[in-house]
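Below is one structure; the comments refer to it alone.
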Amino acid sequence: MDDHIRVNVGSVELKSPLILASGTCNFGHELSEYYDLSILGGLSSKGLTIKPRVGNEGVRVAETACGMLNSVGLQNPGVEYFIEHDLDYMDSLGCSRIINVAGHSYDDYMAMIEKLDPHKDKIDVLEINLSCPNVKAGCMSIGSDPEQIGMIVKAMRGLTSLPLWIKLTPNVTDIKAPALAAQEAGADAVVLINTLLGMAVDIKTRRPVLRNNTGGYSGPAVKPVAIRMVSECYQVLDIPIVGCGGISNAEDVLEFMIAGASAVEIGTASLVHPTAPVKITEDLIRWCSDNGQRLSELTGTLKLW
Amino acid sequence: MRKEYSCIVEDKIMLNAETAFITISCPEIASSAVPGQFVNISCSRFLKRPFGIASADIEKGTFKIGVKVVGKGTAEIASFEKGQKVDVLGPLGNGFSIRDDCEYIIVAGGTGVFPVNFAHEYMASKGIPHKVVEGFRNKEQIVLSSDDFILTTDAGDAGIKGNCCDGLETIRDSISSGTEVLCVGPLPMMKAVGKWATDNGLKCYVSMEQRMACGIGICLVCICKIKAEAEGEEFTHKRCCKDGPVFPYEEVIW
């Protein structure tokens, strides 16, 4: 890989700023049929919970003009099954291994860390999902309360030496408050943003399209919201930021990095074009070559008016 | 490695006012597709649209899809003309497992006629004994039918009046044991055909449909409720696109 696209997120070295976002790549098996995932900086696993979850009833997807709503509801095989069946596979992919951890309660999150920490030789980062909008308890409700974030992150910090990235919800008035709470509690980075809470209505039935009524909005339409939040947080945080939201080409990656991201996650773009990250990687390498710069030099170079 | 293909529309004919039959050039898909599999086709909307493969011609390197207009995306795809560029993912999903030493009854309802057409062509080319039963709402809806097929219409203005099960009843006594039933159509129809098959001691496979996004198994939105294998669990959600779309009738929770 080209050294010019190598980045660091704190102590975590990534060969590229591109990470596949949790919930849009499962554990890597399916996209490996389309390209060699070792070109990526990392892969963030499907959000895992202490017990298996069947997720929400269908319909789980609604297309919008420039994105989509989903209400999957953290369907996953449970952390124990993951450790037994998928962790070694993720370890074999040749990109950084980011394990996304979700929960419904304080106890859930602690139990997850206790299950995963013994496997730290196969894990580079624990990405803590405090932001899923599609489950009834936990996640987003915890992630919109800085006090609860602080308590959970601090307790996790005591249980593992693995880097903790806290994935935050944009469904708050001031994104800086939860980000600062995560930093003060010992987080190594924040990931901004998870999906925006949204709804679509079927005008014939006058019912929400999604069986869950609401869902998480993602895709190119949410990018400006994410960029704004990355920029706001960059101005007040000392820890690095991983940007996420609507990235579909190399220019989007550059935009996020200039706004303050050290790396980025790409999600919905893979659902539209499975090999989107391949093209983005090639274009980023070309940009570095054309401009004689390393991508890491871009982070936070935004000149606000 | 699998890839997303940039393809060209080779031909388009309208089968009726709201249904197009489109031929797309893609030798890789034409040579590897099996009946029951589908492709994801791009349009100007955000997500691709899934269509069951209706026919594949290895020599010409083309495959066909049937497009019934149900929304803006399908309306746009149905309006494609020869020369239109399209991005295609496929063939996707697990198709029907068709054996040379088995006899089949293939049953189609509505747009299920398209994948069933592929199964029929495949079996005919291999000399696999099979019968085709088709059900439509009325005469105007009939597409891809043949005098060799058992035709039913709800309205009774063509073929046998009734549904696919009424059509199946007419051949019940001539079915050899071990015959398998393959069925593609609306949920209530597949449920009824599956029950009919089970009541008659026949194994039945159905092709499930759900709103999809990626088509390749990474987003988990197109779920189908399947009986759980593990003890103590009632059901599991499988992906129509990757684990299906074809499932054994008896494994589906209807």
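Each chain in the structure tokens gets a letter, A, B and so on, in the order shown; residues start at 1 in every chain, and ligands are counted from 1 in the order they appear.
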Using only C-alpha atoms, tabulate the residues of chain B lying at most 6 Å from any atom of chain A, each with its closest atom pair and that distance in Å to one decimal, by chain and increasing residue number, as JSON lines.
```
{"residue": "B:Met1", "atom": "CA", "partner": "A:Tyr34", "partner_atom": "CA", "distance": 5.3}
{"residue": "B:Arg2", "atom": "CA", "partner": "A:Tyr34", "partner_atom": "CA", "distance": 4.7}
{"residue": "B:Lys3", "atom": "CA", "partner": "A:Tyr34", "partner_atom": "CA", "distance": 5.7}
{"residue": "B:Phe46", "atom": "CA", "partner": "A:Cys66", "partner_atom": "CA", "distance": 5.9}
{"residue": "B:Leu47", "atom": "CA", "partner": "A:Val272", "partner_atom": "CA", "distance": 5.9}
{"residue": "B:Cys214", "atom": "CA", "partner": "A:Leu271", "partner_atom": "CA", "distance": 4.3}
{"residue": "B:Ile218", "atom": "CA", "partner": "A:Cys25", "partner_atom": "CA", "distance": 4.9}
{"residue": "B:Cys219", "atom": "CA", "partner": "A:Thr24", "partner_atom": "CA", "distance": 5.2}
{"residue": "B:Val221", "atom": "CA", "partner": "A:Arg60", "partner_atom": "CA", "distance": 5.1}
{"residue": "B:His237", "atom": "CA", "partner": "A:Val54", "partner_atom": "CA", "distance": 5.9}
```
So that I have them on file, write out the residues from the current selection with N, CA and C atoms, as a PDB file, in the first residue's frame.
```pdb
ATOM      1  N   MET B   1     -12.818 -13.195  -8.436  1.00  0.00           N
ATOM      2  CA  MET B   1     -13.554 -12.154  -7.690  1.00  0.00           C
ATOM      3  C   MET B   1     -14.850 -11.797  -8.418  1.00  0.00           C
ATOM      4  N   ARG B   2     -15.865 -11.528  -7.620  1.00  0.00           N
ATOM      5  CA  ARG B   2     -17.115 -11.029  -8.200  1.00  0.00           C
ATOM      6  C   ARG B   2     -16.942  -9.543  -8.515  1.00  0.00           C
ATOM      7  N   LYS B   3     -17.769  -9.040  -9.413  1.00  0.00           N
ATOM      8  CA  LYS B   3     -17.677  -7.618  -9.694  1.00  0.00           C
ATOM      9  C   LYS B   3     -19.027  -7.031 -10.088  1.00  0.00           C
ATOM     10  N   PHE B  46     -31.583   5.858  -5.648  1.00  0.00           N
ATOM     11  CA  PHE B  46     -30.409   5.632  -4.809  1.00  0.00           C
ATOM     12  C   PHE B  46     -29.954   4.168  -4.808  1.00  0.00           C
ATOM     13  N   LEU B  47     -30.897   3.259  -4.680  1.00  0.00           N
ATOM     14  CA  LEU B  47     -30.543   1.836  -4.601  1.00  0.00           C
ATOM     15  C   LEU B  47     -30.832   1.124  -5.913  1.00  0.00           C
ATOM     16  N   CYS B 214     -28.744  -3.918  -0.361  1.00  0.00           N
ATOM     17  CA  CYS B 214     -27.473  -4.259  -1.029  1.00  0.00           C
ATOM     18  C   CYS B 214     -27.585  -5.433  -1.992  1.00  0.00           C
ATOM     19  N   ILE B 218     -24.905  -7.862   3.076  1.00  0.00           N
ATOM     20  CA  ILE B 218     -24.168  -7.091   4.084  1.00  0.00           C
ATOM     21  C   ILE B 218     -25.041  -6.158   4.918  1.00  0.00           C
ATOM     22  N   CYS B 219     -26.260  -5.866   4.483  1.00  0.00           N
ATOM     23  CA  CYS B 219     -27.022  -4.853   5.232  1.00  0.00           C
ATOM     24  C   CYS B 219     -28.117  -5.445   6.116  1.00  0.00           C
ATOM     25  N   VAL B 221     -31.270  -6.136   5.676  1.00  0.00           N
ATOM     26  CA  VAL B 221     -32.622  -5.569   5.708  1.00  0.00           C
ATOM     27  C   VAL B 221     -33.679  -6.505   5.111  1.00  0.00           C
ATOM     28  N   HIS B 237     -33.864 -14.795  11.666  1.00  0.00           N
ATOM     29  CA  HIS B 237     -34.048 -13.974  10.472  1.00  0.00           C
ATOM     30  C   HIS B 237     -32.941 -14.278   9.479  1.00  0.00           C
TER      31      HIS B 237
END
```
**OP:** Name all residues at most 8 Å from region 79-87 of chain A (count only C-alpha atoms; drop same-chain ones fewer than 6 positions away) and give them as a PyMOL selection string.
**Re:** chain A and resi 27+48-52+112+115-116+122
**OP:** For Gly135 (chain B), work out the shell of residues within 8 Å, counting only C-alpha atoms and skipping chain neighbours fewer than 4 positions away, then give it as a ChimeraX atom specification.
**Re:** /B:107-110,151-154,163-164
Produce a file of the selected residues containing C-alpha atoms, as a short mmCIF file (atom, residue, chain, number, x, y, z; two decimals), in the first residue's frame.
```cif
data_model
loop_
_atom_site.label_atom_id
_atom_site.label_comp_id
_atom_site.auth_asym_id
_atom_site.auth_seq_id
_atom_site.Cartn_x
_atom_site.Cartn_y
_atom_site.Cartn_z
CA VAL B 107 -45.58 -22.82 -10.27
CA ALA B 108 -45.67 -19.11 -11.04
CA GLY B 109 -47.87 -16.30 -9.83
CA GLY B 110 -47.65 -12.72 -11.10
CA LEU B 151 -52.96 -21.63 -17.05
CA THR B 152 -55.27 -20.25 -14.37
CA THR B 153 -56.88 -16.84 -13.92
CA ASP B 154 -58.75 -15.52 -10.90
CA ASN B 163 -55.75 -20.01 -8.57
CA CYS B 164 -52.59 -22.07 -8.98
#
```
**OP:** May I ask for the distance between CA of Val193 (chain B) and CA of Pro35 (chain B), given in Å to one decimal place?
**Re:** 18.9 Å
**OP:** Would you mind listing what lies within 9 Å of region 229-236 of chain A as a PyMOL selection string, with only C-alpha atoms counted and same-chain residues fewer than 5 positions away left out?
**Re:** chain A and resi 170+174-176+179-180+191-193+224+241-244+256-261+300+302
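Counting only C-alpha atoms and comparing B:Lys225, B:Lys60, B:His120, B:Arg49, the residue that lies closest to Val133 (chain B) is B:His120.
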Running DSSP on the backbone, which parts of region 126-217 of chain B land in alpha helix (DSSP H), as a compact mmCIF listing (two decimals) with C-alpha atoms, in the first residue's frame?
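Dumped to part21.txt:
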```txt
# COMPACT_ATOMS: atom_id res chain seq x y z
CA LYS B 126 -31.63 -30.69 -20.15
CA CYS B 164 -52.59 -22.07 -8.98
CA CYS B 165 -53.82 -24.68 -6.53
CA ASP B 166 -56.89 -25.22 -8.72
CA GLY B 167 -54.47 -25.70 -11.61
CA LEU B 168 -52.37 -28.14 -9.58
CA GLU B 169 -55.50 -30.15 -8.72
CA LEU B 187 -46.61 -14.68 -0.44
CA PRO B 188 -50.22 -15.94 -0.03
CA MET B 189 -49.90 -17.89 -3.27
CA MET B 190 -46.60 -19.52 -2.26
CA LYS B 191 -48.03 -20.37 1.14
CA ALA B 192 -51.06 -22.03 -0.49
CA VAL B 193 -48.97 -23.91 -3.05
CA GLY B 194 -46.54 -25.04 -0.34
CA LYS B 195 -49.43 -26.36 1.73
CA TRP B 196 -50.92 -28.11 -1.30
CA ALA B 197 -47.56 -29.75 -2.04
CA THR B 198 -47.05 -30.82 1.56
CA ASP B 199 -50.61 -32.23 1.77
```
Original post:
Which residues come within 7 Å of Ser44 (chain A), counting only C-alpha atoms, excluding same-chain residues fewer than 4 positions away, as a PyMOL selection string?
Top reply: chain A and resi 19-22+97-100
Name the residues of region 46-140 of chain B that come out as strand (DSSP E or B) in a backbone DSSP run; write them as a tab-separated table (two decimals) with N, CA and C atoms, in the first residue's frame.
```
chain	number	residue	atom	x	y	z
B	49	ARG	N	-32.29	-2.14	-8.11
B	49	ARG	CA	-33.54	-2.89	-7.99
B	49	ARG	C	-33.30	-4.36	-8.34
B	50	PRO	N	-33.84	-5.28	-7.53
B	50	PRO	CA	-33.63	-6.71	-7.80
B	50	PRO	C	-34.67	-7.29	-8.78
B	51	PHE	N	-34.21	-8.13	-9.69
B	51	PHE	CA	-35.10	-8.82	-10.64
B	51	PHE	C	-34.64	-10.27	-10.80
B	52	GLY	N	-35.59	-11.18	-10.74
B	52	GLY	CA	-35.28	-12.59	-10.99
B	52	GLY	C	-34.84	-12.75	-12.43
B	53	ILE	N	-33.82	-13.57	-12.65
B	53	ILE	CA	-33.34	-13.80	-14.02
B	53	ILE	C	-34.37	-14.66	-14.75
B	54	ALA	N	-34.81	-14.18	-15.92
B	54	ALA	CA	-35.91	-14.81	-16.64
B	54	ALA	C	-35.43	-15.74	-17.75
B	55	SER	N	-34.15	-15.58	-18.13
B	55	SER	CA	-33.62	-16.38	-19.23
B	55	SER	C	-32.14	-16.08	-19.33
B	56	ALA	N	-31.36	-17.04	-19.79
B	56	ALA	CA	-29.93	-16.78	-20.00
B	56	ALA	C	-29.48	-17.49	-21.26
B	57	ASP	N	-28.77	-16.78	-22.11
B	57	ASP	CA	-28.29	-17.35	-23.38
B	57	ASP	C	-26.75	-17.30	-23.36
B	62	THR	N	-26.09	-13.13	-23.15
B	62	THR	CA	-27.13	-12.22	-22.66
B	62	THR	C	-28.03	-12.91	-21.63
B	63	PHE	N	-28.68	-12.09	-20.83
B	63	PHE	CA	-29.72	-12.62	-19.94
B	63	PHE	C	-30.92	-11.68	-20.01
B	64	LYS	N	-32.07	-12.18	-19.54
B	64	LYS	CA	-33.29	-11.36	-19.60
B	64	LYS	C	-33.90	-11.18	-18.22
B	65	ILE	N	-34.57	-10.04	-18.05
B	65	ILE	CA	-35.36	-9.81	-16.84
B	65	ILE	C	-36.73	-9.29	-17.24
B	66	GLY	N	-37.71	-9.59	-16.40
B	66	GLY	CA	-39.04	-9.02	-16.58
B	66	GLY	C	-39.22	-7.91	-15.56
B	67	VAL	N	-39.71	-6.77	-16.02
B	67	VAL	CA	-39.85	-5.61	-15.13
B	67	VAL	C	-41.30	-5.17	-15.10
B	68	LYS	N	-41.96	-5.41	-13.98
B	68	LYS	CA	-43.32	-4.90	-13.83
B	68	LYS	C	-43.24	-3.58	-13.08
B	85	LYS	N	-27.02	2.11	-20.85
B	85	LYS	CA	-25.99	1.54	-19.97
B	85	LYS	C	-26.60	1.27	-18.60
B	86	VAL	N	-26.29	0.12	-18.04
B	86	VAL	CA	-26.75	-0.20	-16.69
B	86	VAL	C	-25.64	-0.89	-15.90
B	87	ASP	N	-25.59	-0.62	-14.60
B	87	ASP	CA	-24.69	-1.35	-13.72
B	87	ASP	C	-25.45	-2.54	-13.17
B	88	VAL	N	-24.79	-3.68	-13.20
B	88	VAL	CA	-25.47	-4.90	-12.78
B	88	VAL	C	-24.61	-5.69	-11.80
B	89	LEU	N	-25.23	-6.10	-10.70
B	89	LEU	CA	-24.60	-7.05	-9.79
B	89	LEU	C	-25.29	-8.38	-9.98
B	90	GLY	N	-24.50	-9.44	-10.11
B	90	GLY	CA	-25.16	-10.74	-10.24
B	90	GLY	C	-24.26	-11.79	-10.83
B	91	PRO	N	-24.72	-13.02	-10.95
B	91	PRO	CA	-25.99	-13.46	-10.39
B	91	PRO	C	-25.93	-13.54	-8.88
B	92	LEU	N	-27.04	-13.18	-8.22
B	92	LEU	CA	-27.06	-13.10	-6.77
B	92	LEU	C	-28.00	-14.16	-6.17
B	94	ASN	N	-29.10	-17.73	-3.83
B	94	ASN	CA	-29.10	-19.16	-4.12
B	94	ASN	C	-30.34	-19.50	-4.92
B	104	TYR	N	-40.26	-32.26	-11.88
B	104	TYR	CA	-40.64	-31.00	-11.21
B	104	TYR	C	-42.00	-30.48	-11.66
B	105	ILE	N	-42.64	-29.77	-10.74
B	105	ILE	CA	-43.76	-28.92	-11.12
B	105	ILE	C	-43.32	-27.51	-10.74
B	106	ILE	N	-43.30	-26.61	-11.70
B	106	ILE	CA	-42.91	-25.24	-11.38
B	106	ILE	C	-44.14	-24.35	-11.48
B	107	VAL	N	-44.35	-23.57	-10.42
B	107	VAL	CA	-45.58	-22.82	-10.27
B	107	VAL	C	-45.27	-21.33	-10.17
B	108	ALA	N	-45.95	-20.55	-11.00
B	108	ALA	CA	-45.67	-19.11	-11.04
B	108	ALA	C	-46.93	-18.30	-10.80
B	109	GLY	N	-46.77	-17.26	-9.99
B	109	GLY	CA	-47.87	-16.30	-9.83
B	109	GLY	C	-47.34	-14.91	-10.08
B	130	HIS	N	-40.94	-31.91	-16.55
B	130	HIS	CA	-41.54	-30.91	-15.67
B	130	HIS	C	-42.85	-30.39	-16.25
B	131	LYS	N	-43.67	-29.88	-15.36
B	131	LYS	CA	-44.91	-29.22	-15.77
B	131	LYS	C	-44.89	-27.80	-15.21
B	132	VAL	N	-45.50	-26.89	-15.96
B	132	VAL	CA	-45.55	-25.50	-15.51
B	132	VAL	C	-47.00	-25.11	-15.23
B	133	VAL	N	-47.24	-24.52	-14.06
B	133	VAL	CA	-48.56	-24.00	-13.72
B	133	VAL	C	-48.43	-22.50	-13.49
B	134	GLU	N	-49.26	-21.73	-14.18
B	134	GLU	CA	-49.19	-20.27	-14.03
B	134	GLU	C	-50.54	-19.71	-13.57
B	135	GLY	N	-50.45	-18.73	-12.68
B	135	GLY	CA	-51.68	-18.08	-12.22
B	135	GLY	C	-51.60	-16.58	-12.41
B	136	PHE	N	-52.65	-16.01	-13.00
B	136	PHE	CA	-52.72	-14.55	-13.18
B	136	PHE	C	-54.07	-14.05	-12.69
```
**OP:** Would you mind reading off the distance between CA of Gly150 (chain A) and CA of Gly41 (chain A), one decimal, in Å?
**Re:**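 Those two atoms sit 28.0 Å apart.
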**OP:** Find, counting only C-alpha atoms, the residue in A:Thr195, A:Ser92, A:Thr299, A:Gln183 that gets nearest to Asn171 (chain A).
**Re:**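 For Asn171 (chain A), the nearest of the given residues is A:Thr195.
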Original post:
Could you state the separation of CA of Trp305 (chain A) and CA of Glu255 (chain A) in Å, given to one decimal place?
Top reply: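 Pair CA of Trp305 (chain A) / CA of Glu255 (chain A) returns 16.0 Å.
Closest approach to Gly61 (chain B) among B:Asn40, B:Ser79, B:Ser125, B:Thr23: B:Thr23, based on only C-alpha atoms.
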